[in-house]
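Trainee: File target.tsv below, TSV, C-alpha atoms:
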chain	number	residue	atom	x	y	z
A	1	MET	CA	46.67	131.22	-35.03
A	2	LEU	CA	45.60	130.27	-38.56
A	3	LEU	CA	42.00	129.84	-37.41
A	4	LYS	CA	41.77	133.55	-36.56
A	5	GLY	CA	40.88	136.05	-39.24
A	6	THR	CA	38.37	138.52	-40.61
A	7	PRO	CA	34.68	137.69	-39.94
A	8	ASN	CA	32.91	136.00	-42.89
A	9	SER	CA	36.22	134.89	-44.44
A	10	LYS	CA	36.63	131.23	-45.39
A	11	LEU	CA	39.24	128.77	-44.17
A	12	SER	CA	39.75	125.24	-45.50
A	13	ILE	CA	41.07	122.69	-43.00
A	14	GLU	CA	41.98	119.01	-43.07
A	15	VAL	CA	40.72	116.95	-40.13
A	16	ASN	CA	42.09	113.64	-38.89
A	17	ARG	CA	39.33	112.06	-36.83
A	18	GLN	CA	39.96	108.57	-35.50
A	19	GLY	CA	42.12	107.76	-38.51
A	20	GLU	CA	39.64	109.16	-41.04
A	21	ILE	CA	40.85	112.25	-42.93
A	22	PHE	CA	38.39	114.71	-44.46
A	23	ARG	CA	38.27	118.36	-45.48
A	24	LYS	CA	36.00	121.10	-44.17
A	25	ASP	CA	35.37	124.72	-45.08
A	26	ILE	CA	34.99	127.01	-42.08
A	27	PHE	CA	33.52	130.49	-42.24
A	28	ARG	CA	34.94	132.76	-39.55
A	29	ASP	CA	32.69	134.87	-37.36
A	30	LYS	CA	32.90	136.91	-34.18
A	31	VAL	CA	33.16	134.66	-31.14
A	32	LEU	CA	30.84	135.83	-28.37
A	33	ILE	CA	31.63	134.22	-25.02
A	34	ASN	CA	28.76	134.00	-22.58
A	35	ALA	CA	29.96	134.91	-19.09
A	36	VAL	CA	26.96	133.07	-17.62
A	37	PRO	CA	26.76	129.79	-19.55
A	38	PHE	CA	24.19	128.25	-17.20
A	39	ALA	CA	21.48	129.49	-14.84
A	40	GLU	CA	18.69	127.17	-13.68
A	41	MET	CA	16.57	126.32	-10.66
A	42	ILE	CA	17.97	123.44	-8.60
A	43	ASP	CA	14.62	122.92	-6.90
A	44	GLU	CA	11.47	124.99	-6.48
A	45	ASN	CA	13.20	127.58	-4.24
A	46	ILE	CA	16.95	127.52	-4.89
A	47	GLY	CA	18.51	128.97	-8.01
A	48	TYR	CA	21.96	128.37	-9.47
A	49	ILE	CA	24.07	130.81	-11.52
A	50	ALA	CA	27.49	129.91	-12.94
A	51	LEU	CA	29.77	132.83	-13.79
A	52	THR	CA	32.87	131.70	-15.68
A	53	ARG	CA	34.58	135.02	-16.49
A	54	PHE	CA	34.36	138.75	-15.82
A	55	ASN	CA	34.12	140.11	-19.36
A	56	GLU	CA	32.35	143.31	-20.41
A	57	LYS	CA	28.95	141.58	-20.30
A	58	ALA	CA	29.36	139.74	-16.98
A	59	SER	CA	27.22	142.02	-14.81
A	60	SER	CA	24.43	142.36	-17.36
A	61	GLU	CA	24.31	138.59	-17.84
A	62	VAL	CA	24.29	137.93	-14.08
A	63	LYS	CA	21.44	140.44	-13.69
A	64	LYS	CA	19.51	138.83	-16.55
A	65	ALA	CA	19.99	135.33	-15.08
A	66	TYR	CA	19.01	136.55	-11.61
A	67	ARG	CA	15.77	138.12	-12.83
A	68	LYS	CA	14.91	135.03	-14.84
A	69	LEU	CA	15.29	132.80	-11.79
A	70	LYS	CA	13.36	135.22	-9.56
A	71	LYS	CA	10.41	134.92	-11.93
A	72	GLN	CA	10.67	131.15	-11.54
A	73	GLY	CA	10.34	131.42	-7.75
A	74	MET	CA	13.95	131.70	-6.55
A	75	THR	CA	14.24	132.68	-2.89
A	76	LYS	CA	17.84	131.42	-2.34
A	77	LEU	CA	20.89	131.44	-4.58
A	78	VAL	CA	23.98	129.33	-5.27
A	79	PHE	CA	26.49	131.58	-7.08
A	80	ASP	CA	29.28	129.51	-8.66
A	81	LEU	CA	32.66	131.22	-9.19
A	82	ARG	CA	34.74	128.04	-9.34
A	83	TYR	CA	37.38	127.98	-12.08
A	84	ASN	CA	36.66	131.66	-12.79
A	85	PRO	CA	40.06	133.31	-13.51
A	86	GLY	CA	38.71	136.84	-13.16
A	87	GLY	CA	38.77	139.74	-15.59
A	88	SER	CA	37.27	143.22	-15.38
A	89	LEU	CA	37.62	144.98	-12.01
A	90	LEU	CA	34.63	147.23	-12.71
A	91	GLU	CA	32.44	144.24	-13.52
A	92	SER	CA	33.35	142.62	-10.20
A	93	ILE	CA	32.29	145.80	-8.40
A	94	ARG	CA	28.98	145.95	-10.29
A	95	ILE	CA	28.23	142.31	-9.48
A	96	SER	CA	29.07	142.82	-5.79
A	97	ASN	CA	26.74	145.84	-5.88
A	98	PHE	CA	23.84	143.56	-6.83
A	99	PHE	CA	23.81	142.26	-3.26
A	100	LEU	CA	25.34	145.15	-1.29
A	101	PRO	CA	24.01	148.66	-0.57
A	102	LYS	CA	25.04	151.74	-2.52
A	103	GLY	CA	28.15	153.46	-1.18
A	104	ARG	CA	29.90	150.39	0.27
A	105	LYS	CA	33.63	149.90	-0.25
A	106	ILE	CA	34.24	146.80	-2.36
A	107	VAL	CA	37.98	146.81	-2.91
A	108	SER	CA	40.94	149.14	-2.52
A	109	THR	CA	44.30	149.20	-4.24
A	110	LYS	CA	47.38	150.26	-2.31
A	111	ALA	CA	50.57	151.38	-4.01
A	112	LYS	CA	53.81	153.07	-3.01
A	113	ILE	CA	52.81	156.00	-5.25
A	114	LYS	CA	49.78	157.66	-3.68
A	115	LYS	CA	48.00	158.53	-6.95
A	116	TRP	CA	47.92	154.84	-7.87
A	117	SER	CA	46.05	153.95	-4.66
A	118	THR	CA	42.28	153.88	-5.14
A	119	THR	CA	39.15	152.88	-3.26
A	120	TYR	CA	36.23	151.47	-5.24
A	121	LYS	CA	32.67	151.71	-3.90
A	122	THR	CA	29.25	150.58	-5.07
A	123	LYS	CA	27.43	153.26	-7.08
A	124	ASN	CA	24.00	151.76	-7.78
A	125	ASP	CA	20.96	150.53	-5.93
A	126	PRO	CA	21.23	146.78	-5.24
A	127	LEU	CA	19.12	144.02	-6.76
A	128	ASP	CA	18.52	142.19	-3.49
A	129	LEU	CA	19.80	142.70	0.05
A	130	GLU	CA	17.92	139.83	1.64
A	131	ILE	CA	18.22	136.68	-0.49
A	132	PRO	CA	20.45	134.03	1.18
A	133	ILE	CA	23.52	133.32	-0.98
A	134	VAL	CA	26.20	130.66	-1.03
A	135	VAL	CA	29.19	131.57	-3.19
A	136	LEU	CA	31.28	128.65	-4.47
A	137	ILE	CA	35.03	129.12	-4.97
A	138	ASN	CA	38.05	126.88	-5.46
A	139	GLU	CA	41.79	127.08	-6.04
A	140	ARG	CA	41.16	128.32	-9.60
A	141	SER	CA	38.94	131.25	-8.55
A	142	ALA	CA	41.13	134.31	-9.02
A	143	SER	CA	41.33	138.09	-9.20
A	144	ALA	CA	37.82	139.50	-9.82
A	145	SER	CA	36.32	136.30	-8.37
A	146	GLU	CA	38.22	137.00	-5.16
A	147	ILE	CA	37.01	140.59	-5.10
A	148	VAL	CA	33.37	139.47	-5.26
A	149	SER	CA	33.70	136.60	-2.79
A	150	GLY	CA	35.92	138.64	-0.45
A	151	SER	CA	33.57	141.62	-0.31
A	152	LEU	CA	30.45	139.49	0.22
A	153	GLN	CA	32.28	137.63	2.97
A	154	ASP	CA	33.52	140.81	4.68
A	155	TYR	CA	30.00	142.24	4.80
A	156	ASP	CA	28.56	138.86	5.93
A	157	ARG	CA	26.29	138.97	2.89
A	158	ALA	CA	26.99	135.42	1.72
A	159	VAL	CA	28.49	132.18	2.94
A	160	ILE	CA	31.64	131.32	0.99
A	161	MET	CA	32.04	127.59	0.35
A	162	GLY	CA	34.65	125.40	-1.31
A	163	LYS	CA	38.45	125.66	-1.32
A	164	ARG	CA	40.79	128.58	-0.74
A	165	SER	CA	40.95	130.80	-3.82
A	166	PHE	CA	43.97	131.34	-6.05
A	167	GLY	CA	45.43	134.49	-4.47
A	168	LYS	CA	45.80	136.82	-7.48
A	169	GLY	CA	45.77	140.32	-6.01
A	170	LEU	CA	48.19	142.33	-8.14
A	171	VAL	CA	47.25	145.36	-10.22
A	172	GLN	CA	49.21	145.74	-13.44
A	173	ARG	CA	49.55	148.59	-15.89
A	174	GLN	CA	50.95	148.31	-19.40
A	175	LYS	CA	53.77	150.61	-20.56
A	176	GLU	CA	54.55	150.96	-24.25
A	177	LEU	CA	58.12	150.11	-25.26
A	178	THR	CA	60.00	150.18	-28.56
A	179	TYR	CA	59.36	147.86	-31.54
A	180	GLY	CA	55.71	147.34	-30.60
A	181	THR	CA	56.51	145.69	-27.27
A	182	GLN	CA	54.94	146.36	-23.89
A	183	LEU	CA	56.00	146.10	-20.26
A	184	LYS	CA	53.42	144.91	-17.75
A	185	LEU	CA	54.27	146.71	-14.53
A	186	THR	CA	52.83	145.75	-11.13
A	187	ILE	CA	51.81	148.99	-9.43
A	188	SER	CA	49.64	147.98	-6.46
A	189	LYS	CA	47.77	145.21	-4.61
A	190	TYR	CA	44.08	144.48	-4.00
A	191	TYR	CA	42.61	144.62	-0.50
A	192	THR	CA	39.13	143.52	0.60
A	193	PRO	CA	36.83	145.84	2.62
A	194	SER	CA	38.13	144.44	5.94
A	195	GLY	CA	41.73	145.16	4.87
A	196	ARG	CA	42.84	141.69	3.78
A	197	CYS	CA	45.41	141.46	1.00
A	198	ILE	CA	44.29	138.98	-1.65
A	199	GLN	CA	47.77	138.32	-3.08
A	200	GLU	CA	49.31	134.94	-2.28
A	201	LEU	CA	52.91	135.35	-3.46
A	202	ASP	CA	55.18	138.02	-1.97
A	203	TYR	CA	57.31	139.08	-4.95
A	204	GLU	CA	58.73	142.03	-3.01
A	205	ASN	CA	60.70	139.69	-0.73
A	206	ARG	CA	62.09	137.31	-3.36
A	207	ASP	CA	65.15	135.40	-2.11
A	208	SER	CA	68.14	137.05	-3.80
A	209	LYS	CA	70.15	133.82	-3.88
A	210	THR	CA	67.62	131.20	-4.94
A	211	GLY	CA	65.08	133.45	-6.66
A	212	LYS	CA	62.30	131.77	-4.68
A	213	VAL	CA	59.18	133.85	-4.08
A	214	PRO	CA	57.74	133.34	-0.56
A	215	LYS	CA	54.06	133.13	0.25
A	216	PHE	CA	52.43	135.55	2.66
A	217	SER	CA	51.26	132.50	4.60
A	218	ASP	CA	54.92	131.56	5.12
A	219	ARG	CA	55.42	134.73	7.14
A	220	GLY	CA	52.32	134.27	9.26
A	221	ILE	CA	48.76	135.44	8.80
A	222	ASN	CA	46.87	138.40	10.21
A	223	GLU	CA	43.36	138.59	11.65
A	224	PHE	CA	40.65	140.89	10.36
A	225	LYS	CA	36.99	141.34	11.25
A	226	THR	CA	33.86	141.17	9.12
A	227	ALA	CA	30.87	143.48	9.61
A	228	ASN	CA	29.39	141.05	12.15
A	229	GLY	CA	32.69	140.68	13.99
A	230	ARG	CA	33.67	137.31	12.53
A	231	THR	CA	37.40	136.66	12.30
A	232	VAL	CA	38.84	136.26	8.81
A	233	TYR	CA	42.45	136.01	7.71
A	234	ASP	CA	44.79	137.18	5.00
A	235	GLY	CA	47.75	135.12	3.85
A	236	GLY	CA	46.66	134.79	0.25
A	237	GLY	CA	43.32	134.31	-1.44
A	238	VAL	CA	39.92	134.02	0.21
A	239	MET	CA	39.40	131.30	2.79
A	240	PRO	CA	35.90	129.79	2.59
A	241	ASP	CA	33.54	129.87	5.57
A	242	VAL	CA	32.71	126.25	4.82
A	243	GLU	CA	35.60	124.23	3.41
A	244	ILE	CA	34.83	121.24	1.20
A	245	ASN	CA	37.37	118.54	1.81
A	246	THR	CA	39.03	117.31	-1.33
A	247	SER	CA	42.57	116.15	-1.91
A	248	ASN	CA	45.20	118.81	-2.60
A	249	ARG	CA	46.61	118.66	-6.10
A	250	ASN	CA	50.22	117.50	-6.20
A	251	LYS	CA	52.76	118.45	-8.87
A	252	THR	CA	52.26	115.23	-10.84
A	253	THR	CA	48.52	115.80	-11.05
A	254	GLU	CA	49.16	119.37	-12.20
A	255	GLU	CA	51.30	117.96	-15.03
A	256	LEU	CA	48.50	115.56	-15.92
A	257	LEU	CA	46.00	118.39	-16.13
A	258	LYS	CA	48.33	120.37	-18.39
A	259	SER	CA	48.48	117.44	-20.81
A	260	LYS	CA	45.82	116.21	-23.25
A	261	ALA	CA	45.49	112.84	-21.50
A	262	ILE	CA	42.02	113.39	-20.00
A	263	PHE	CA	40.76	115.02	-23.21
A	264	ASP	CA	42.06	112.17	-25.37
A	265	PHE	CA	40.73	109.51	-22.98
A	266	ALA	CA	37.26	111.07	-23.09
A	267	THR	CA	37.37	111.10	-26.89
A	268	LEU	CA	38.35	107.43	-26.97
A	269	TYR	CA	35.60	106.60	-24.45
A	270	PHE	CA	33.04	108.37	-26.66
A	271	TYR	CA	33.94	106.32	-29.72
A	272	GLU	CA	34.16	103.01	-27.86
A	273	ASN	CA	30.81	103.29	-26.04
A	274	LYS	CA	27.23	103.53	-27.23
A	275	ILE	CA	25.56	106.87	-27.83
A	276	LEU	CA	23.63	108.06	-24.78
A	277	GLU	CA	20.13	109.41	-25.36
A	278	ASN	CA	19.57	110.74	-21.85
A	279	LEU	CA	21.92	112.27	-19.30
A	280	SER	CA	20.44	110.02	-16.62
A	281	ASP	CA	21.88	107.03	-18.49
A	282	PHE	CA	25.46	108.19	-17.93
A	283	LYS	CA	27.40	105.93	-15.57
A	284	PHE	CA	31.09	106.25	-14.80
A	285	LYS	CA	31.91	104.55	-11.51
A	286	ASN	CA	34.92	105.17	-9.31
A	287	SER	CA	36.20	101.73	-10.32
A	288	SER	CA	36.39	103.04	-13.90
A	289	PHE	CA	39.43	105.04	-12.82
A	290	ASN	CA	41.39	101.86	-13.59
A	291	LYS	CA	40.41	102.24	-17.25
A	292	PHE	CA	41.99	105.66	-17.26
A	293	VAL	CA	45.13	104.28	-15.57
A	294	ASP	CA	45.39	101.63	-18.29
A	295	TYR	CA	45.01	104.32	-20.93
A	296	LEU	CA	47.92	106.29	-19.48
A	297	LYS	CA	50.19	103.34	-20.31
A	298	ILE	CA	49.75	104.15	-24.02
A	299	ASP	CA	49.33	107.91	-23.68
A	300	THR	CA	52.25	110.06	-24.85
A	301	THR	CA	51.12	113.50	-23.68
A	302	PHE	CA	51.42	113.07	-19.90
A	303	VAL	CA	55.14	113.53	-19.23
A	304	ILE	CA	56.59	114.76	-15.94
A	305	PRO	CA	59.87	116.77	-15.88
A	306	GLN	CA	61.92	113.92	-14.37
A	307	GLU	CA	60.73	111.60	-17.12
A	308	SER	CA	61.59	114.07	-19.85
A	309	LEU	CA	65.08	114.72	-18.47
A	310	PHE	CA	65.79	111.02	-18.05
A	311	LYS	CA	64.73	110.25	-21.62
A	312	LYS	CA	66.87	113.09	-22.93
A	313	ALA	CA	69.89	111.76	-21.01
A	314	PHE	CA	69.31	108.24	-22.35
A	315	LEU	CA	69.05	109.41	-25.96
A	316	SER	CA	72.25	111.40	-25.62
A	317	ALA	CA	74.18	108.44	-24.17
A	318	LYS	CA	76.53	106.73	-26.61
A	319	GLU	CA	76.46	103.34	-24.90
A	320	ASN	CA	73.71	100.95	-25.95
A	321	ASN	CA	74.16	98.52	-23.07
A	322	ILE	CA	71.97	100.50	-20.67
A	323	SER	CA	68.68	99.67	-22.38
A	324	ARG	CA	67.61	97.21	-19.67
A	325	ALA	CA	68.33	99.74	-16.91
A	326	TYR	CA	66.49	102.40	-18.90
A	327	ASN	CA	63.40	100.19	-19.23
A	328	GLU	CA	63.44	99.34	-15.52
A	329	ILE	CA	63.69	102.99	-14.49
A	330	THR	CA	61.01	103.97	-17.00
A	331	GLU	CA	58.66	101.43	-15.43
A	332	LYS	CA	59.42	102.85	-11.99
A	333	ILE	CA	58.70	106.37	-13.20
A	334	GLU	CA	55.42	105.15	-14.70
A	335	ALA	CA	54.47	103.51	-11.40
A	336	TYR	CA	55.40	106.71	-9.55
A	337	LYS	CA	53.16	108.79	-11.83
A	338	ILE	CA	50.19	106.47	-11.31
A	339	ASN	CA	50.73	106.43	-7.55
A	340	GLU	CA	50.88	110.23	-7.37
A	341	ILE	CA	47.78	110.94	-9.46
A	342	SER	CA	45.87	108.27	-7.53
A	343	LYS	CA	46.23	110.51	-4.49
A	344	ASN	CA	44.01	112.99	-6.37
A	345	LYS	CA	41.59	110.37	-7.65
A	346	ASP	CA	38.57	112.36	-6.43
A	347	ILE	CA	39.56	115.43	-8.45
A	348	ILE	CA	40.59	113.55	-11.59
A	349	LEU	CA	37.42	111.45	-11.68
A	350	GLU	CA	35.22	114.55	-11.67
A	351	LEU	CA	37.23	116.09	-14.50
A	352	ILE	CA	37.01	112.86	-16.52
A	353	LYS	CA	33.24	112.70	-16.01
A	354	SER	CA	32.80	116.30	-17.10
A	355	GLU	CA	34.92	115.74	-20.21
A	356	ILE	CA	32.96	112.62	-21.21
A	357	ILE	CA	29.54	114.19	-20.56
A	358	GLU	CA	30.56	117.17	-22.69
A	359	ARG	CA	31.11	114.80	-25.63
A	360	TYR	CA	27.49	113.65	-25.45
A	361	PHE	CA	25.54	116.61	-24.05
A	362	TYR	CA	27.88	119.61	-24.40
A	363	LYS	CA	28.59	122.13	-21.60
A	364	GLU	CA	24.95	122.42	-20.61
A	365	GLY	CA	24.88	118.69	-19.94
A	366	VAL	CA	27.85	119.02	-17.59
A	367	TYR	CA	26.03	121.70	-15.59
A	368	GLN	CA	22.82	119.68	-15.52
A	369	TYR	CA	24.73	116.65	-14.26
A	370	ASN	CA	26.52	118.69	-11.58
A	371	LEU	CA	23.28	120.09	-10.20
A	372	LYS	CA	22.46	116.58	-8.97
A	373	ASN	CA	25.89	115.04	-8.50
A	374	ASP	CA	28.39	117.75	-7.55
A	375	LYS	CA	29.44	117.41	-3.90
A	376	THR	CA	29.94	121.14	-3.33
A	377	ILE	CA	26.60	122.09	-4.87
A	378	SER	CA	24.91	119.44	-2.71
A	379	GLU	CA	26.53	120.93	0.40
A	380	ALA	CA	25.41	124.42	-0.63
A	381	LEU	CA	21.87	123.14	-1.14
A	382	SER	CA	21.86	121.53	2.28
A	383	LEU	CA	23.12	124.71	3.95
A	384	LEU	CA	20.55	126.96	2.28
A	385	LYS	CA	17.78	124.64	3.46
A	386	ASN	CA	19.04	124.96	7.03
A	387	LYS	CA	18.19	128.56	7.91
A	388	GLN	CA	19.53	128.30	11.46
A	389	LYS	CA	22.92	126.93	10.40
A	390	TYR	CA	23.24	129.51	7.60
A	391	SER	CA	22.50	132.39	9.98
A	392	LYS	CA	24.86	130.99	12.62
A	393	ILE	CA	27.78	130.96	10.17
A	394	LEU	CA	27.24	134.59	9.19
A	395	SER	CA	26.67	135.80	12.75
A	396	GLY	CA	29.83	134.09	14.00
A	397	LYS	CA	28.01	132.88	17.12
Rewrite the structure from the file as structure tokens, please.
Mentor:
Amino acid sequence: MLLKGTPNSKLSIEVNRQGEIFRKDIFRDKVLINAVPFAEMIDENIGYIALTRFNEKASSEVKKAYRKLKKQGMTKLVFDLRYNPGGSLLESIRISNFFLPKGRKIVSTKAKIKKWSTTYKTKNDPLDLEIPIVVLINERSASASEIVSGSLQDYDRAVIMGKRSFGKGLVQRQKELTYGTQLKLTISKYYTPSGRCIQELDYENRDSKTGKVPKFSDRGINEFKTANGRTVYDGGGVMPDVEINTSNRNKTTEELLKSKAIFDFATLYFYENKILENLSDFKFKNSSFNKFVDYLKIDTTFVIPQESLFKKAFLSAKENNISRAYNEITEKIEAYKINEISKNKDIILELIKSEIIERYFYKEGVYQYNLKNDKTISEALSLLKNKQKYSKILSGK
């Protein structure tokens, strides 16, 4: 990318903002990404830590955030791993070690070649073995996030809440090839302490005719036991102890989320509405979803595959007498898109709200808003305040 370059070097850019064009000089610098962008007390007893990635500073930042909240009176913790795609394996082990004793197995890798199979254990004294923890995960929590949540679940150290995780449990190693290229070779799979395989897709049994990759869950699931004797299952990813019911994303919604539609709508909303002074003044009701639907009628970024193929076929047709039919089918496709994404209205609304709030109050504002309005965080708060229910979940009785 042109924006990348040597630190302290200058780059001149031309910006088109809402029709106004102006120039800016940008001085490049090292970009330091905070693995823990937010850590605050939800109330006088319960702390909240959001971990968004497992980079080289993840464990040190989690430890720093934990100690800060302990000084503020934290006796219970909500640990948010939602939308965390993973990263460093060693960092996931160190973070698990914060809440598990020294010498415990956290994850193992199993390969066909024995020397590539490894067991990883905790090496340090823990931070806290007693504090009640609720770990939040969703369908975008992957890899290292699944190692942490899976190990804490297997040792009954935390209640896992949310949606089933992504199911990324493959270990890859890079092999140098000619002309500066590399081959990423899958050498083994991750397994939790109880023996569950994290991986969702079974590439080893790909259909030779169709090329389709089956899911482990398609072939049945296996039972495993936690330290307290609770039954947990494999079949891909980590299943939460407490599932939060939300709609399941369909393919059309996935296409919407890949597009810039929500981003552009939030930008338009920002410029068309008054500047908010306080986060408490933000109001975006469920009925406002209709405003987003109206915006999609003029949006050009949200295009589903069927729509793209149909348009390509129309443009390649030599006859011009099919314009009416083309318009009718286009309207039907548009109606289909709206109908499909409306099935995921609950998910899309939350993403729209977050995008709009970020325009006014940046990422910190989104986290502050979620502390009071996020359904999953509210459920975690309720569970941590109910000691009997929390203990019952972990005991399996």
Trainee: Restricting the calculation to all atoms listed in the file: of A:Lys184, A:Arg324, A:Lys114, A:Lys10, which residue gets closest to Asp25 of chain A?
Mentor: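 Answer, going by the shortest atom-to-atom distance: A:Lys10.
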Trainee: How close does each residue of segment 103-193 of chain A get to segment 62-75 of chain A, giving the shortest atom pair and distance in Å to one decimal for every residue with an atom at most 9 Å away, counting all atoms listed in the file, sorted by chain and residue number, as JSON lines?
Mentor:
{"residue": "A:Leu127", "atom": "CA", "partner": "A:Lys63", "partner_atom": "CA", "distance": 8.1}
{"residue": "A:Ile131", "atom": "CA", "partner": "A:Thr75", "partner_atom": "CA", "distance": 6.1}
{"residue": "A:Pro132", "atom": "CA", "partner": "A:Thr75", "partner_atom": "CA", "distance": 7.5}
Trainee: Could you check how far atom CA of Val366 of chain A sits from atom CA of Leu279 of chain A, in Å to one decimal?
Mentor: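 The value is 9.1 Å.
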Trainee: Provide the atom CA of Ile348 of chain A to atom CA of Ser149 of chain A distance in Å, to one decimal place.
Mentor: 25.6 Å
Trainee: Go through A:Ala158, A:Val171, A:Leu296, A:Ile221 and flag the residue nearest Ser395 of chain A, using all atoms listed in the file for the distances.
Mentor: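 Closest candidate: A:Ala158.
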Trainee: Put the listed atoms of segment 269-272 of chain A in a box along x, y and z with 5 Å added on every side and give me the centre and edge lengths in Å to one decimal, as JSON.
Mentor:
{"center_x": 34.3, "center_y": 105.7, "center_z": -27.1, "size_x": 12.6, "size_y": 15.4, "size_z": 15.3}
Trainee: List the neighbours of Arg164 of chain A out to 10 Å using all atoms listed in the file; skip same-chain residues closer than 5 positions along the sequence, and give me the result as a ChimeraX atom specification.
Mentor: /A:137-141,146,236-241,243-244
Trainee: Give me, please, the distance in Å between atom CA of Thr192 of chain A and atom CA of Val107 of chain A, quoted to one decimal.
Mentor: 4.9 Å
Trainee: Just the residues within 10 Å of Phe265 of chain A, please, counting all atoms listed in the file, with nothing from its chain fewer than 4 positions along; format it as number ranges by chain.
Mentor: A: 260-261, 269-270, 291-292, 295-296, 299, 352, 355-356
Trainee: Hey, what's within 12 Å of Lys345 of chain A if we count only C-alpha atoms and toss same-chain stuff fewer than 3 positions away? As a PyMOL selection string, please?
Mentor: chain A and resi 246-250+253+256+285-290+292-293+338-342+348-352
Trainee: Restricting the calculation to all atoms listed in the file, which member of A:Ile275, A:Met161, A:Ile377, A:Val135 is positioned closest to Phe79 of chain A?
Mentor: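 Checking each of A:Ile275, A:Met161, A:Ile377, A:Val135 against Phe79 of chain A, counting all atoms listed in the file, the winner is A:Val135.
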Trainee: Check the smallest atom-to-atom distance from each of A:Pro193, A:Tyr83, A:Asp154, A:Ile133 to Tyr120 of chain A using all atoms listed in the file, then report the winner.
Mentor: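 Residue with the minimum atom-to-atom distance to Tyr120 of chain A: A:Pro193.
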Trainee: I'd like to know which of A:Arg94, A:Arg82, A:Arg230, A:Lys112 is closest to Asp125 of chain A, using all atoms listed in the file.
Mentor: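 Smallest separation from Asp125 of chain A among the options: A:Arg94.
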Trainee: Residues at most 6 Å from segment 35-43 of chain A, counting all atoms listed in the file, excluding those fewer than 4 positions away in the same chain, as a list in words?
Mentor: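 These residues fall inside the cut-off: Gly47, Tyr48, Ile49, Ala50, Leu51, Thr52, Arg53 and Ala58 of chain A.
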Trainee: For a cutoff of 9 Å around the file-coordinate point (31.1, 143.4, -0.4), which residues qualify once you count only C-alpha atoms? I'd like the result as an mmCIF file with C-alpha atoms, in the frame of the given file.
Mentor:
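Just written: out29.cif:
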data_model
loop_
_atom_site.group_PDB
_atom_site.id
_atom_site.type_symbol
_atom_site.label_atom_id
_atom_site.label_comp_id
_atom_site.auth_asym_id
_atom_site.auth_seq_id
_atom_site.Cartn_x
_atom_site.Cartn_y
_atom_site.Cartn_z
ATOM 1 C CA ILE A 93 32.290 145.800 -8.400
ATOM 2 C CA SER A 96 29.070 142.820 -5.790
ATOM 3 C CA ASN A 97 26.740 145.840 -5.880
ATOM 4 C CA PHE A 99 23.810 142.260 -3.260
ATOM 5 C CA LEU A 100 25.340 145.150 -1.290
ATOM 6 C CA PRO A 101 24.010 148.660 -0.570
ATOM 7 C CA ARG A 104 29.900 150.390 0.270
ATOM 8 C CA LYS A 105 33.630 149.900 -0.250
ATOM 9 C CA ILE A 106 34.240 146.800 -2.360
ATOM 10 C CA VAL A 107 37.980 146.810 -2.910
ATOM 11 C CA THR A 122 29.250 150.580 -5.070
ATOM 12 C CA ILE A 147 37.010 140.590 -5.100
ATOM 13 C CA VAL A 148 33.370 139.470 -5.260
ATOM 14 C CA SER A 149 33.700 136.600 -2.790
ATOM 15 C CA GLY A 150 35.920 138.640 -0.450
ATOM 16 C CA SER A 151 33.570 141.620 -0.310
ATOM 17 C CA LEU A 152 30.450 139.490 0.220
ATOM 18 C CA GLN A 153 32.280 137.630 2.970
ATOM 19 C CA ASP A 154 33.520 140.810 4.680
ATOM 20 C CA TYR A 155 30.000 142.240 4.800
ATOM 21 C CA ASP A 156 28.560 138.860 5.930
ATOM 22 C CA ARG A 157 26.290 138.970 2.890
ATOM 23 C CA THR A 192 39.130 143.520 0.600
ATOM 24 C CA PRO A 193 36.830 145.840 2.620
#
Trainee: Mind completing segment 386-394 of chain A with N, CA and C atoms? Output as an mmCIF file, in the frame of the given file, please?
Mentor:
data_model
loop_
_atom_site.group_PDB
_atom_site.id
_atom_site.type_symbol
_atom_site.label_atom_id
_atom_site.label_comp_id
_atom_site.auth_asym_id
_atom_site.auth_seq_id
_atom_site.Cartn_x
_atom_site.Cartn_y
_atom_site.Cartn_z
ATOM 1 N N ASN A 386 18.934 124.910 5.575
ATOM 2 C CA ASN A 386 19.040 124.960 7.030
ATOM 3 C C ASN A 386 19.251 126.421 7.451
ATOM 4 N N LYS A 387 18.148 127.129 7.636
ATOM 5 C CA LYS A 387 18.190 128.560 7.910
ATOM 6 C C LYS A 387 18.992 128.880 9.170
ATOM 7 N N GLN A 388 18.843 128.062 10.198
ATOM 8 C CA GLN A 388 19.530 128.300 11.460
ATOM 9 C C GLN A 388 21.045 128.184 11.305
ATOM 10 N N LYS A 389 21.489 127.145 10.602
ATOM 11 C CA LYS A 389 22.920 126.930 10.400
ATOM 12 C C LYS A 389 23.510 128.041 9.532
ATOM 13 N N TYR A 390 22.783 128.440 8.500
ATOM 14 C CA TYR A 390 23.240 129.510 7.600
ATOM 15 C C TYR A 390 23.429 130.806 8.381
ATOM 16 N N SER A 391 22.434 131.152 9.205
ATOM 17 C CA SER A 391 22.500 132.390 9.980
ATOM 18 C C SER A 391 23.612 132.343 11.017
ATOM 19 N N LYS A 392 23.834 131.158 11.584
ATOM 20 C CA LYS A 392 24.860 130.990 12.620
ATOM 21 C C LYS A 392 26.245 131.234 12.035
ATOM 22 N N ILE A 393 26.481 130.760 10.813
ATOM 23 C CA ILE A 393 27.780 130.960 10.170
ATOM 24 C C ILE A 393 28.054 132.445 9.961
ATOM 25 N N LEU A 394 27.063 133.177 9.474
ATOM 26 C CA LEU A 394 27.240 134.590 9.190
ATOM 27 C C LEU A 394 27.286 135.468 10.434
#
